[in-house]
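S.K.: Before I ask anything, let me first share the structure, which is written out below as structure tokens.
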Amino acid sequence: MKLILKNIWFLPVYITLLISTPAFSQETPGGHAEVWNNVKAYWHLWAERDLDGFMEYFDKGFSGWNYDNPMHMNKEATRKWLTLQFQSKEVMAYDISAIDIKIHDTIAVVHYYYSFLKKDTQGKEQKCTGRKSDILMKQGDKWLLIADHGGHTSEKGN
């Protein structure tokens with residue numbers, strides 16, 4: 001009997017940890033789907049080349065830094081760059097896969113992989129793959145981009 005009692009000392013610690021884990025967590029239960037649906041919504045608008053709709057998901061103070069840019073870009077610079085891209089490239093298909101989503105009150109961090117097939121004005125097709133980290137802030141019923149980082153990891157993925 002002495003041996004059994006000696007080996008169950010961890011039981012109260014284990015139960016305490018199980019009960020208190022939600023208190024330590026800063027994630028909002030059930031918010032992951034809402035955040036991911038917003039990411040999917042702005043990717044769809046991007047693929048459709050809906051510049052105005054896509055830019056509605058950007059906070060006015062947005063700051064993004066893609067791998068292929070020497071410096072970060074604000075919302076206005078992003079709009080200018082996308083205007084050019086939308087004129088010269090068409091997205092034929094795309095896929096995004098969530099890797100991790102963390103929610104802290106009104107801030108969400110979303111890490112994901114992406115791939116897409118694009119076609120330029122000469123009809124040349126190219127597959128691009130990459131990874132992104134989007135930082136979003138809840139404003140009303142939307143999660144808006146306040147920052148992002150990442151980009152193409154495939155060769156010649158511009």
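Numbering starts fresh at 1 for the residues of each chain in the structure tokens, the chains themselves are lettered A, B, ... in the order given, and ligands are numbered from 1 as they appear.
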Using only C-alpha atoms, which residues sit within 12 Å of Gly61 of chain A once same-chain residues fewer than 2 positions away are excluded, as a list of chain:residue names?
M.R.: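 Counting only C-alpha atoms, the residues come to A:Tyr57, A:Phe58, A:Asp59, A:Ser63, A:Gly64, A:Met73, A:Asn74, A:Lys75, A:Glu76, A:Ala77, A:Thr78, A:Leu136, A:Met137, A:Leu144, A:Leu145, A:Ile146, A:Ala147, A:Asp148.
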S.K.: Could you build a table of the residues in segment 44-105 of chain A lying no more than 12 Å from segment 129-135 of chain A, giving for each the nearest pair of atoms and their separation in Å rounded to one decimal place, using only C-alpha atoms, ordered by chain and ascending residue number, as a Markdown table?
M.R.:
| residue | atom | partner | partner_atom | distance |
| --- | --- | --- | --- | --- |
| A:Tyr57 | CA | A:Asp134 | CA | 11.5 |
| A:Phe58 | CA | A:Ile135 | CA | 10.5 |
| A:Asp59 | CA | A:Ile135 | CA | 10.6 |
| A:Phe62 | CA | A:Ile135 | CA | 9.6 |
| A:Ser63 | CA | A:Ile135 | CA | 9.8 |
| A:Gly64 | CA | A:Asp134 | CA | 8.8 |
| A:Trp65 | CA | A:Lys132 | CA | 10.1 |
| A:Asn66 | CA | A:Lys132 | CA | 8.5 |
| A:Tyr67 | CA | A:Lys132 | CA | 9.8 |
| A:Asp68 | CA | A:Gly130 | CA | 11.6 |
| A:Ala93 | CA | A:Thr129 | CA | 12.0 |
| A:Tyr94 | CA | A:Thr129 | CA | 9.5 |
| A:Asp95 | CA | A:Thr129 | CA | 9.4 |
| A:Ile96 | CA | A:Arg131 | CA | 9.2 |
| A:Ser97 | CA | A:Arg131 | CA | 9.4 |
| A:Ala98 | CA | A:Lys132 | CA | 9.7 |
| A:Ile99 | CA | A:Arg131 | CA | 9.6 |
| A:Asp100 | CA | A:Ser133 | CA | 9.4 |
| A:Ile101 | CA | A:Asp134 | CA | 9.6 |
| A:Lys102 | CA | A:Ile135 | CA | 9.6 |
| A:Ile103 | CA | A:Ile135 | CA | 9.8 |
| A:His104 | CA | A:Ile135 | CA | 10.9 |
S.K.: Please produce a file of those selected residues containing C-alpha atoms, as a compact mmCIF listing (two decimals), in the first residue's frame.
M.R.:
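The result, stored in out-v3.txt:
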# COMPACT_ATOMS: atom_id res chain seq x y z
CA TYR A 57 -9.36 43.60 -45.17
CA PHE A 58 -6.36 45.89 -44.52
CA ASP A 59 -6.22 48.17 -41.51
CA PHE A 62 -1.02 48.03 -42.10
CA SER A 63 2.69 47.16 -42.36
CA GLY A 64 3.76 44.13 -44.38
CA TRP A 65 7.13 42.72 -45.31
CA ASN A 66 7.37 40.04 -47.97
CA TYR A 67 10.55 38.09 -48.66
CA ASP A 68 11.05 39.74 -52.05
CA ALA A 93 -6.11 28.17 -58.96
CA TYR A 94 -4.90 28.47 -55.38
CA ASP A 95 -4.85 26.63 -52.08
CA ILE A 96 -4.11 27.80 -48.54
CA SER A 97 -3.50 25.54 -45.55
CA ALA A 98 -3.55 26.80 -41.98
CA ILE A 99 -0.62 25.72 -39.85
CA ASP A 100 -1.32 27.57 -36.62
CA ILE A 101 -3.76 30.20 -35.38
CA LYS A 102 -3.32 31.97 -32.06
CA ILE A 103 -5.93 34.38 -30.78
CA HIS A 104 -5.21 36.89 -28.01
S.K.: At what distance in Å, to one decimal, does atom CA of Leu51 of chain A lie from atom CA of Arg79 of chain A?
M.R.: 7.6 Å
S.K.: Looking at only C-alpha atoms, which of A:His44, A:Trp36, A:Cys128, A:Glu56 is the one that sits closest to Tyr114 of chain A?
M.R.: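 Closest candidate: A:Cys128.
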S.K.: Rounded to one decimal, what separation in Å do you get between atom CA of Lys118 of chain A and atom CA of Lys89 of chain A?
M.R.: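 Result for atom CA of Lys118 of chain A versus atom CA of Lys89 of chain A: 6.4 Å, one decimal.
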S.K.: Quick one: pull the distance between atom CA of Ile107 of chain A and atom CA of Thr83 of chain A, Å, one decimal.
M.R.: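 Going from atom CA of Ile107 of chain A over to atom CA of Thr83 of chain A covers 28.0 Å.
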S.K.: Please identify which residues in segment 14-154 of chain A DSSP calls strand (DSSP E or B) from the backbone, and express them as a PyMOL selection string.
M.R.: chain A and resi 58-66+73-74+89-104+107-120+125-139+142-152
S.K.: List every residue of segment 77-154 of chain A that DSSP, applied to the backbone, labels as helix (DSSP H, G or I), and write the result as a list in words.
M.R.: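 The residues of segment 77-154 of chain A classed as helix (DSSP H, G or I) are Ala77, Thr78, Arg79, Lys80, Trp81, Leu82, Thr83, Leu84, Gln85, Phe86, Gln87 and Ser88 of chain A.
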S.K.: Ranking A:Leu84, A:Glu90, A:Asp105, A:Gly140 by minimum distance to Gln122 of chain A and counting only C-alpha atoms, which one comes first?
M.R.: A:Glu90
S.K.: So, counting only C-alpha atoms, which residue among A:His32, A:Gly150, A:Tyr112, A:Met92 is closest to Glu125 of chain A?
M.R.: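 Among A:His32, A:Gly150, A:Tyr112, A:Met92, it is A:Met92 that comes nearest to Glu125 of chain A.
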